[in-house]
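Quick look at query-v1.cif (mmCIF, C-alpha atoms):
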```cif
data_structure
#
loop_
_atom_site.label_atom_id
_atom_site.label_comp_id
_atom_site.auth_asym_id
_atom_site.auth_seq_id
_atom_site.Cartn_x
_atom_site.Cartn_y
_atom_site.Cartn_z
CA MET U 295 103.82 -112.50 -29.49
CA ASN U 296 107.19 -113.95 -28.47
CA GLN U 297 109.19 -111.11 -26.93
CA GLU U 298 112.30 -112.29 -28.78
CA ILE U 299 110.54 -111.53 -32.05
CA ILE U 300 109.55 -108.04 -30.87
CA ASN U 301 113.12 -107.41 -29.68
CA LEU U 302 114.45 -108.54 -33.06
CA PHE U 303 112.13 -106.12 -34.84
CA ASP U 304 113.31 -103.35 -32.52
CA GLU U 305 116.90 -104.21 -33.44
CA TYR U 306 115.98 -104.17 -37.14
CA THR U 307 114.40 -100.72 -36.92
CA HIS U 308 117.06 -99.12 -34.72
CA LYS U 309 120.47 -100.65 -35.47
CA PRO U 310 119.42 -101.02 -38.25
CA LEU U 311 119.84 -104.55 -39.57
CA SER U 312 119.50 -105.12 -43.29
CA ARG U 313 116.12 -106.54 -44.28
CA GLU U 314 117.83 -109.71 -45.52
CA VAL U 315 119.49 -110.35 -42.16
CA PHE U 316 116.31 -109.49 -40.29
CA MET U 317 114.21 -111.92 -42.34
CA LYS U 318 116.73 -114.73 -41.90
CA ARG U 319 116.74 -114.26 -38.13
CA LEU U 320 112.95 -113.94 -38.06
CA ALA U 321 112.60 -117.21 -40.01
CA LYS U 322 114.88 -118.88 -37.48
CA LEU U 323 112.77 -117.64 -34.57
CA THR U 324 109.44 -118.54 -36.18
CA GLY U 325 110.58 -121.86 -37.63
CA SER U 326 110.31 -121.17 -41.36
CA THR U 327 110.30 -118.48 -44.02
CA ALA U 328 106.55 -118.98 -44.47
CA ALA U 329 105.94 -118.41 -40.77
CA ALA U 330 108.17 -115.32 -40.84
CA LEU U 331 106.16 -113.87 -43.73
CA ALA U 332 102.94 -114.57 -41.81
CA VAL U 333 104.23 -112.75 -38.72
CA LEU U 334 105.70 -109.77 -40.57
CA PRO U 335 102.39 -107.87 -41.10
CA LEU U 336 101.80 -108.00 -37.35
CA LEU U 337 105.15 -106.31 -36.73
CA GLU U 338 105.13 -103.63 -39.40
CA VAL U 339 103.01 -100.53 -39.18
CA ASN U 340 99.63 -100.36 -40.90
CA TYR U 341 98.70 -96.80 -41.75
CA ALA U 342 95.13 -97.81 -42.47
CA HIS U 343 94.69 -97.38 -38.70
CA ALA U 344 96.34 -93.96 -38.63
CA ALA U 345 93.27 -91.71 -38.72
CA THR U 346 92.15 -91.42 -35.12
CA VAL U 347 91.25 -87.82 -35.99
CA SER U 348 90.24 -87.41 -39.63
CA GLU U 349 92.02 -84.97 -41.93
CA ASN U 350 88.51 -83.80 -42.81
CA GLU U 351 87.64 -83.03 -39.20
CA GLU U 352 85.28 -80.06 -39.34
CA ASP U 353 86.76 -78.40 -36.24
CA LEU U 354 90.33 -78.33 -37.57
CA ILE U 355 92.32 -76.41 -40.16
CA ILE U 356 95.16 -78.35 -41.81
CA GLU U 357 97.98 -76.78 -43.77
CA ASN U 358 101.42 -77.68 -45.06
CA ILE U 359 103.96 -75.04 -44.10
CA THR U 360 107.62 -74.27 -44.77
CA TYR U 361 110.23 -72.24 -42.91
CA THR U 362 113.92 -71.52 -43.37
CA GLY U 363 116.28 -74.00 -41.72
CA GLU U 364 120.02 -74.63 -41.84
CA ASP U 365 120.85 -74.90 -45.54
CA ALA U 366 117.37 -76.27 -46.22
CA THR U 367 113.74 -75.34 -46.49
CA MET U 368 112.01 -77.17 -43.66
CA ARG U 369 108.58 -78.68 -44.17
CA GLY U 370 105.88 -79.08 -41.58
CA TYR U 371 102.35 -80.39 -41.21
CA MET U 372 100.23 -77.99 -39.18
CA ALA U 373 96.87 -78.57 -37.52
CA LYS U 374 94.91 -76.04 -35.48
CA PRO U 375 91.41 -75.55 -34.09
CA LYS U 376 89.13 -73.74 -36.52
CA ALA U 377 87.12 -71.69 -34.03
CA THR U 378 88.97 -69.84 -31.27
CA ASN U 379 88.77 -66.35 -29.84
CA SER U 380 92.13 -66.45 -28.11
CA LYS U 381 95.75 -67.18 -28.91
CA LEU U 382 96.89 -70.77 -28.50
CA GLY U 383 99.72 -72.63 -26.90
CA ALA U 384 101.78 -74.44 -29.53
CA VAL U 385 103.31 -77.92 -29.75
CA VAL U 386 105.99 -79.35 -32.03
CA VAL U 387 105.33 -83.05 -32.71
CA ILE U 388 108.49 -85.03 -33.46
CA HIS U 389 108.35 -88.25 -35.42
CA GLU U 390 110.07 -91.60 -34.99
CA ASN U 391 112.96 -92.76 -37.17
CA ARG U 392 110.51 -93.42 -40.01
CA GLY U 393 110.05 -89.73 -40.75
CA LEU U 394 106.86 -87.73 -41.08
CA ASN U 395 104.22 -90.36 -41.78
CA PRO U 396 100.41 -90.67 -41.48
CA HIS U 397 100.61 -91.75 -37.83
CA ILE U 398 102.57 -88.67 -36.73
CA LYS U 399 100.27 -86.41 -38.72
CA ASP U 400 97.39 -88.00 -36.82
CA VAL U 401 99.16 -87.26 -33.51
CA ALA U 402 99.42 -83.61 -34.59
CA ARG U 403 95.68 -83.59 -35.25
CA ARG U 404 95.07 -85.08 -31.80
CA VAL U 405 97.07 -82.24 -30.26
CA ALA U 406 95.09 -79.70 -32.28
CA LYS U 407 91.82 -81.37 -31.30
CA ALA U 408 92.84 -80.80 -27.67
CA GLY U 409 93.02 -77.07 -28.36
CA TYR U 410 96.59 -76.33 -29.41
CA LEU U 411 98.48 -75.15 -32.47
CA ALA U 412 100.34 -78.30 -33.56
CA MET U 413 103.16 -78.70 -36.07
CA ALA U 414 104.84 -81.95 -37.06
CA ILE U 415 108.23 -81.14 -38.60
CA ASP U 416 109.79 -83.38 -41.25
CA ALA U 417 113.40 -83.86 -40.11
CA LEU U 418 114.22 -85.31 -43.53
CA SER U 419 113.38 -82.04 -45.30
CA PRO U 420 117.08 -81.53 -46.21
CA PHE U 421 116.76 -84.66 -48.38
CA GLY U 422 113.54 -83.55 -50.00
CA GLY U 423 111.24 -84.95 -47.32
CA THR U 424 110.31 -88.38 -45.98
CA PRO U 425 110.33 -91.07 -48.71
CA PRO U 426 107.44 -93.58 -48.85
CA ASN U 427 109.76 -96.56 -48.25
CA GLU U 428 110.48 -96.91 -44.52
CA ASP U 429 113.83 -98.63 -45.01
CA GLU U 430 114.96 -95.70 -47.17
CA ALA U 431 113.67 -93.25 -44.57
CA ARG U 432 115.54 -94.95 -41.71
CA ALA U 433 118.76 -94.97 -43.73
CA LEU U 434 118.55 -91.20 -44.22
CA PHE U 435 118.63 -90.53 -40.47
CA ALA U 436 122.26 -91.65 -40.34
CA LYS U 437 123.06 -88.91 -42.88
CA LEU U 438 121.55 -86.08 -40.83
CA ASP U 439 124.01 -83.59 -39.36
CA ASN U 440 123.13 -83.65 -35.65
CA GLN U 441 123.81 -79.99 -34.91
CA LYS U 442 122.05 -78.76 -38.04
CA ASN U 443 119.11 -81.01 -37.24
CA ILE U 444 118.79 -79.58 -33.73
CA SER U 445 119.04 -76.08 -35.18
CA ASN U 446 116.30 -76.88 -37.70
CA PHE U 447 113.96 -77.85 -34.89
CA LEU U 448 114.94 -74.86 -32.75
CA LYS U 449 114.01 -72.67 -35.72
CA GLY U 450 110.72 -74.55 -35.83
CA LEU U 451 110.05 -73.62 -32.21
CA GLU U 452 110.74 -69.98 -33.06
CA TYR U 453 108.48 -70.23 -36.10
CA LEU U 454 105.63 -71.38 -33.87
CA ARG U 455 106.23 -68.65 -31.31
CA ALA U 456 105.96 -66.08 -34.09
CA ARG U 457 102.73 -67.44 -35.62
CA PRO U 458 99.84 -64.99 -35.22
CA GLU U 459 97.69 -67.70 -33.58
CA SER U 460 100.36 -68.45 -30.95
CA ASN U 461 100.44 -67.13 -27.40
CA GLY U 462 104.24 -67.53 -27.41
CA LYS U 463 104.29 -70.63 -25.21
CA VAL U 464 105.68 -73.73 -26.90
CA ALA U 465 106.16 -77.38 -25.94
CA CYS U 466 107.34 -80.44 -27.83
CA VAL U 467 106.38 -84.10 -27.78
CA GLY U 468 108.50 -86.76 -29.47
CA PHE U 469 108.45 -90.49 -29.98
CA CYS U 470 111.45 -92.86 -30.19
CA TRP U 471 114.01 -90.85 -32.23
CA GLY U 472 111.75 -87.87 -31.65
CA GLY U 473 111.71 -88.55 -27.91
CA GLY U 474 115.48 -88.28 -27.87
CA LEU U 475 115.23 -85.02 -29.82
CA ALA U 476 112.64 -83.70 -27.35
CA ASN U 477 115.24 -84.13 -24.62
CA GLN U 478 117.80 -82.32 -26.77
CA LEU U 479 115.47 -79.41 -27.45
CA ALA U 480 114.97 -79.06 -23.71
CA VAL U 481 118.74 -78.79 -23.36
CA HIS U 482 119.17 -76.29 -26.19
CA ASP U 483 116.14 -74.01 -25.79
CA PRO U 484 115.86 -72.27 -22.39
CA LYS U 485 112.53 -70.75 -23.49
CA LEU U 486 110.86 -74.13 -24.05
CA ASN U 487 107.92 -74.51 -21.68
CA ALA U 488 107.59 -78.30 -21.69
CA ALA U 489 109.15 -81.35 -23.33
CA VAL U 490 107.50 -84.77 -23.44
CA ALA U 491 109.65 -87.72 -24.48
CA TYR U 492 108.12 -91.11 -25.28
CA TYR U 493 110.73 -93.90 -25.09
CA GLY U 494 113.46 -91.55 -26.27
CA ARG U 495 117.19 -91.47 -25.71
CA GLN U 496 118.12 -89.42 -22.67
CA ALA U 497 120.22 -86.26 -22.76
CA ASP U 498 123.76 -86.43 -21.41
CA ALA U 499 123.92 -85.98 -17.65
CA ALA U 500 126.36 -83.08 -18.07
CA ASP U 501 123.76 -81.17 -20.12
CA VAL U 502 120.88 -81.58 -17.66
CA PRO U 503 121.56 -78.32 -15.73
CA LYS U 504 120.78 -76.43 -18.96
CA ILE U 505 117.18 -77.70 -18.97
CA LYS U 506 114.60 -75.09 -17.95
CA ALA U 507 111.50 -76.77 -19.39
CA ARG U 508 109.25 -79.09 -17.45
CA LEU U 509 109.95 -82.66 -18.54
CA GLN U 510 107.63 -85.62 -18.83
CA LEU U 511 109.26 -88.95 -19.66
CA HIS U 512 107.37 -92.09 -20.74
CA TYR U 513 108.99 -95.54 -21.04
CA GLY U 514 107.79 -99.06 -21.82
CA GLY U 515 108.80 -101.49 -19.11
CA LEU U 516 110.03 -104.05 -21.67
CA ASP U 517 112.18 -101.53 -23.56
CA GLU U 518 115.56 -102.58 -22.17
CA ARG U 519 117.57 -100.74 -24.83
CA VAL U 520 116.23 -97.27 -24.04
CA ASN U 521 115.58 -97.88 -20.35
CA ALA U 522 119.26 -98.55 -19.70
CA GLY U 523 119.77 -94.78 -19.73
CA ILE U 524 117.09 -93.96 -17.14
CA PRO U 525 119.12 -94.22 -13.88
CA ALA U 526 121.88 -91.79 -14.90
CA TYR U 527 119.37 -89.36 -16.38
CA GLU U 528 117.13 -89.37 -13.33
CA THR U 529 120.09 -88.92 -11.00
CA ALA U 530 121.19 -85.87 -12.99
CA LEU U 531 117.64 -84.45 -13.08
CA LYS U 532 117.32 -84.74 -9.32
CA ALA U 533 120.75 -83.19 -8.75
CA ALA U 534 119.88 -80.24 -11.00
CA GLY U 535 116.47 -79.67 -9.41
CA THR U 536 114.75 -80.09 -12.79
CA GLN U 537 110.98 -80.33 -12.75
CA TYR U 538 110.25 -83.74 -14.24
CA GLU U 539 107.82 -86.63 -14.22
CA LEU U 540 109.00 -90.12 -15.12
CA TYR U 541 106.63 -92.99 -15.86
CA VAL U 542 107.45 -96.62 -16.69
CA TYR U 543 104.53 -98.65 -18.04
CA GLU U 544 105.09 -102.24 -16.96
CA GLY U 545 104.48 -104.84 -19.64
CA ALA U 546 104.61 -102.22 -22.41
CA ASN U 547 107.07 -102.32 -25.30
CA HIS U 548 108.99 -99.63 -27.12
CA ALA U 549 106.55 -97.73 -29.37
CA PHE U 550 103.62 -98.57 -27.10
CA ASN U 551 101.86 -95.36 -28.19
CA ASN U 552 101.93 -96.20 -31.92
CA ASP U 553 98.49 -97.57 -32.71
CA THR U 554 99.58 -98.47 -36.25
CA ALA U 555 102.07 -101.04 -34.86
CA PRO U 556 99.74 -103.80 -33.59
CA THR U 557 102.16 -106.04 -31.70
CA ARG U 558 103.78 -103.22 -29.71
CA TYR U 559 100.81 -100.90 -29.20
CA SER U 560 99.45 -100.90 -25.67
CA PRO U 561 96.03 -99.18 -25.51
CA GLU U 562 96.06 -98.88 -21.73
CA ALA U 563 99.58 -97.40 -21.51
CA ALA U 564 98.97 -95.13 -24.50
CA LYS U 565 95.72 -93.78 -23.05
CA LEU U 566 97.27 -93.04 -19.64
CA ALA U 567 100.42 -91.50 -21.14
CA TRP U 568 98.36 -89.27 -23.43
CA GLU U 569 96.16 -88.08 -20.57
CA ARG U 570 99.31 -87.15 -18.66
CA THR U 571 100.73 -85.41 -21.73
CA LEU U 572 97.64 -83.26 -22.23
CA ARG U 573 97.56 -82.44 -18.52
CA LEU U 574 101.14 -81.12 -18.74
CA PHE U 575 100.27 -79.03 -21.81
CA LYS U 576 97.30 -77.58 -19.94
CA GLU U 577 99.54 -76.64 -17.00
CA THR U 578 102.34 -75.10 -19.11
CA LEU U 579 100.78 -73.68 -22.28
#
```
Output the file's structure as structure tokens, nothing else.
Amino acid sequence: MNQEIINLFDEYTHKPLSREVFMKRLAKLTGSTAAALAVLPLLEVNYAHAATVSENEEDLIIENITYTGEDATMRGYMAKPKATNSKLGAVVVIHENRGLNPHIKDVARRVAKAGYLAMAIDALSPFGGTPPNEDEARALFAKLDNQKNISNFLKGLEYLRARPESNGKVACVGFCWGGGLANQLAVHDPKLNAAVAYYGRQADAADVPKIKARLQLHYGGLDERVNAGIPAYETALKAAGTQYELYVYEGANHAFNNDTAPTRYSPEAAKLAWERTLRLFKETL
């Protein structure tokens, strides 16, 4: 697909543009309103493809949990292996700016299938949880209090450490908005064992010396918006002596790991990035 169209969709989902403005610009790029409507399903996510690991997987236990956050009851989707004779490393899975949706729940199940206690937290819990309409969900992110949001996720890390199935070691993995939050959790939690950020906003260079976790950073080569922050971040990481791995997947777009977004999903990049992610979890958890 024309990269201009993919870049426009990225602008729509991250600025965000209103749907009316987005559709007008899409029609201009595609040549007509009819062509824009034909292209739209290829850009938007399709959750029919979101069950890489079934919710009915025999080897997993799924539960919806709650814990006390900042002025809110936080909700989470937990997945864990059914049969284990030992305590498990734990992973917080952090969603994109669409909220806790079927795709992110599937990622949590993938983590659990790999042998970990996984919890996907709904950042929009203070508003009653993620709404079904993605435009409504994206609009709510602008209303989140940044410090309270970070605190809510830090409390989620503590919740996982205290679970009876947990061995006390915790990592996080985040995507897009969640990738940026993964970097922030590394800054704010000195006990965090590992943080994996997929195409997420980088932490401020001044905060990098606070990071004690091992970092793994994944970027799509075509993601100019997010990648603009790489040089300053990497310079600060090197200066601080932070343990990090940084990978740029050439030819891959923002959201290359999201297999429910057909035009941006890159199977090759996603497979390699996930193998690297699980390897880091094995080494740290």
Output the residue selection produced by the PyMOL selection byres ((chain U and resi 442-450) around 8) on the file above, formatted as an mmCIF file with C-alpha atoms, in the frame of the given file.
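This is the output file out05.cif:
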```cif
data_model
loop_
_atom_site.group_PDB
_atom_site.id
_atom_site.type_symbol
_atom_site.label_atom_id
_atom_site.label_comp_id
_atom_site.auth_asym_id
_atom_site.auth_seq_id
_atom_site.Cartn_x
_atom_site.Cartn_y
_atom_site.Cartn_z
ATOM 1 C CA TYR U 361 110.230 -72.240 -42.910
ATOM 2 C CA THR U 362 113.920 -71.520 -43.370
ATOM 3 C CA GLY U 363 116.280 -74.000 -41.720
ATOM 4 C CA GLU U 364 120.020 -74.630 -41.840
ATOM 5 C CA MET U 368 112.010 -77.170 -43.660
ATOM 6 C CA VAL U 386 105.990 -79.350 -32.030
ATOM 7 C CA ILE U 415 108.230 -81.140 -38.600
ATOM 8 C CA ALA U 417 113.400 -83.860 -40.110
ATOM 9 C CA LEU U 438 121.550 -86.080 -40.830
ATOM 10 C CA ASP U 439 124.010 -83.590 -39.360
ATOM 11 C CA ASN U 440 123.130 -83.650 -35.650
ATOM 12 C CA GLN U 441 123.810 -79.990 -34.910
ATOM 13 C CA LEU U 451 110.050 -73.620 -32.210
ATOM 14 C CA GLU U 452 110.740 -69.980 -33.060
ATOM 15 C CA TYR U 453 108.480 -70.230 -36.100
ATOM 16 C CA LEU U 454 105.630 -71.380 -33.870
ATOM 17 C CA LEU U 475 115.230 -85.020 -29.820
ATOM 18 C CA GLN U 478 117.800 -82.320 -26.770
ATOM 19 C CA LEU U 479 115.470 -79.410 -27.450
ATOM 20 C CA HIS U 482 119.170 -76.290 -26.190
ATOM 21 C CA ASP U 483 116.140 -74.010 -25.790
#
```
Compare U:Leu394, U:Ala507, U:Ala499, U:Asn552 by their minimum atom-to-atom distance to U:Thr529, counting only C-alpha atoms, and give me the closest one. U:Ala499
Spatial neighbours of stretch 418-426 of chain U, 9 Å, all atoms listed in the file, chain gap at least 4 places, as a list in words: Gly363, Glu364, Asp365, Ala366, Thr367, Met368, Arg369, Gly370, Arg392, Gly393, Leu394, Asn395, Glu430, Ala431, Leu434, Phe435 and Leu438 of chain U
If we count all atoms listed in the file, what is near stretch 303-314 of chain U at a cut-off of 12 Å, once residues fewer than 6 positions away on the same chain are taken out, given as a ChimeraX atom specification? /U:295-297,320-321,323,327,330,333-339,390-392,428-436,470-471,494-495,516-520,547-549,555,557-558
Would you compute the distance between atom CA of U:Val387 and atom CA of U:Ala533? Give it in Å to one decimal. 28.5 Å
Report, in Å to a single decimal, how far apart atom CA of U:Ala480 and atom CA of U:Thr360 are.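 Taking atom CA of U:Thr360 as the start and atom CA of U:Ala480 as the end point, the length is 22.8 Å.
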Where does stretch 398-468 of chain U meet stretch 562-573 of chain U within 10 Å, residue by residue, with the nearest atom pair and distance in Å to one decimal for each, counting only C-alpha atoms, listed by chain and rising number, as CSV?
```
residue,atom,partner,partner_atom,distance
U:Arg404,CA,U:Trp568,CA,9.9
U:Val405,CA,U:Leu572,CA,8.1
U:Ala408,CA,U:Leu572,CA,7.7
U:Gly409,CA,U:Leu572,CA,9.9
U:Val467,CA,U:Thr571,CA,8.4
```
note - atom CA of U:Val490 and atom CA of U:Ala456 are separated by 21.6 Å
Since the input is missing atoms, can you rebuild N, CA and C atoms for stretch 505-532 of chain U and write them as a tab-separated table (two decimals), keeping the file's coordinate frame?
```tsv
chain	number	residue	atom	x	y	z
U	505	ILE	N	118.61	-77.52	-18.72
U	505	ILE	CA	117.18	-77.70	-18.97
U	505	ILE	C	116.35	-76.79	-18.07
U	506	LYS	N	115.51	-75.97	-18.68
U	506	LYS	CA	114.60	-75.09	-17.95
U	506	LYS	C	113.15	-75.53	-18.10
U	507	ALA	N	112.86	-76.31	-19.13
U	507	ALA	CA	111.50	-76.77	-19.39
U	507	ALA	C	111.07	-77.82	-18.37
U	508	ARG	N	109.77	-77.96	-18.21
U	508	ARG	CA	109.25	-79.09	-17.45
U	508	ARG	C	109.32	-80.34	-18.34
U	509	LEU	N	109.80	-81.41	-17.79
U	509	LEU	CA	109.95	-82.66	-18.54
U	509	LEU	C	108.90	-83.67	-18.13
U	510	GLN	N	108.46	-84.45	-19.11
U	510	GLN	CA	107.63	-85.62	-18.83
U	510	GLN	C	108.18	-86.77	-19.66
U	511	LEU	N	108.54	-87.86	-19.01
U	511	LEU	CA	109.26	-88.95	-19.66
U	511	LEU	C	108.44	-90.23	-19.55
U	512	HIS	N	108.19	-90.88	-20.69
U	512	HIS	CA	107.37	-92.09	-20.74
U	512	HIS	C	108.20	-93.25	-21.31
U	513	TYR	N	108.21	-94.38	-20.60
U	513	TYR	CA	108.99	-95.54	-21.04
U	513	TYR	C	108.16	-96.81	-20.94
U	514	GLY	N	108.38	-97.73	-21.90
U	514	GLY	CA	107.79	-99.06	-21.82
U	514	GLY	C	108.65	-99.95	-20.94
U	515	GLY	N	108.05	-100.67	-20.04
U	515	GLY	CA	108.80	-101.49	-19.11
U	515	GLY	C	109.66	-102.55	-19.76
U	516	LEU	N	109.29	-103.00	-20.97
U	516	LEU	CA	110.03	-104.05	-21.67
U	516	LEU	C	111.11	-103.50	-22.60
U	517	ASP	N	111.26	-102.18	-22.63
U	517	ASP	CA	112.18	-101.53	-23.56
U	517	ASP	C	113.58	-101.41	-22.94
U	518	GLU	N	114.28	-102.53	-22.87
U	518	GLU	CA	115.56	-102.58	-22.17
U	518	GLU	C	116.60	-101.66	-22.81
U	519	ARG	N	116.58	-101.55	-24.12
U	519	ARG	CA	117.57	-100.74	-24.83
U	519	ARG	C	117.54	-99.28	-24.38
U	520	VAL	N	116.36	-98.68	-24.41
U	520	VAL	CA	116.23	-97.27	-24.04
U	520	VAL	C	116.29	-97.09	-22.52
U	521	ASN	N	115.68	-98.02	-21.80
U	521	ASN	CA	115.58	-97.88	-20.35
U	521	ASN	C	116.92	-97.95	-19.64
U	522	ALA	N	117.93	-98.47	-20.32
U	522	ALA	CA	119.26	-98.55	-19.70
U	522	ALA	C	119.79	-97.17	-19.33
U	523	GLY	N	119.30	-96.13	-20.00
U	523	GLY	CA	119.77	-94.78	-19.73
U	523	GLY	C	119.00	-94.05	-18.65
U	524	ILE	N	117.94	-94.66	-18.11
U	524	ILE	CA	117.09	-93.96	-17.14
U	524	ILE	C	117.83	-93.61	-15.85
U	525	PRO	N	118.54	-94.55	-15.19
U	525	PRO	CA	119.12	-94.22	-13.88
U	525	PRO	C	120.04	-93.01	-13.88
U	526	ALA	N	120.95	-92.92	-14.86
U	526	ALA	CA	121.88	-91.79	-14.90
U	526	ALA	C	121.14	-90.49	-15.18
U	527	TYR	N	120.14	-90.56	-16.04
U	527	TYR	CA	119.37	-89.36	-16.38
U	527	TYR	C	118.59	-88.86	-15.16
U	528	GLU	N	117.92	-89.78	-14.47
U	528	GLU	CA	117.13	-89.37	-13.33
U	528	GLU	C	118.01	-88.83	-12.20
U	529	THR	N	119.16	-89.42	-12.01
U	529	THR	CA	120.09	-88.92	-11.00
U	529	THR	C	120.50	-87.49	-11.31
U	530	ALA	N	120.78	-87.22	-12.58
U	530	ALA	CA	121.19	-85.87	-12.99
U	530	ALA	C	120.02	-84.88	-12.86
U	531	LEU	N	118.81	-85.32	-13.20
U	531	LEU	CA	117.64	-84.45	-13.08
U	531	LEU	C	117.39	-84.06	-11.63
U	532	LYS	N	117.52	-85.02	-10.73
U	532	LYS	CA	117.32	-84.74	-9.32
U	532	LYS	C	118.40	-83.79	-8.80
```
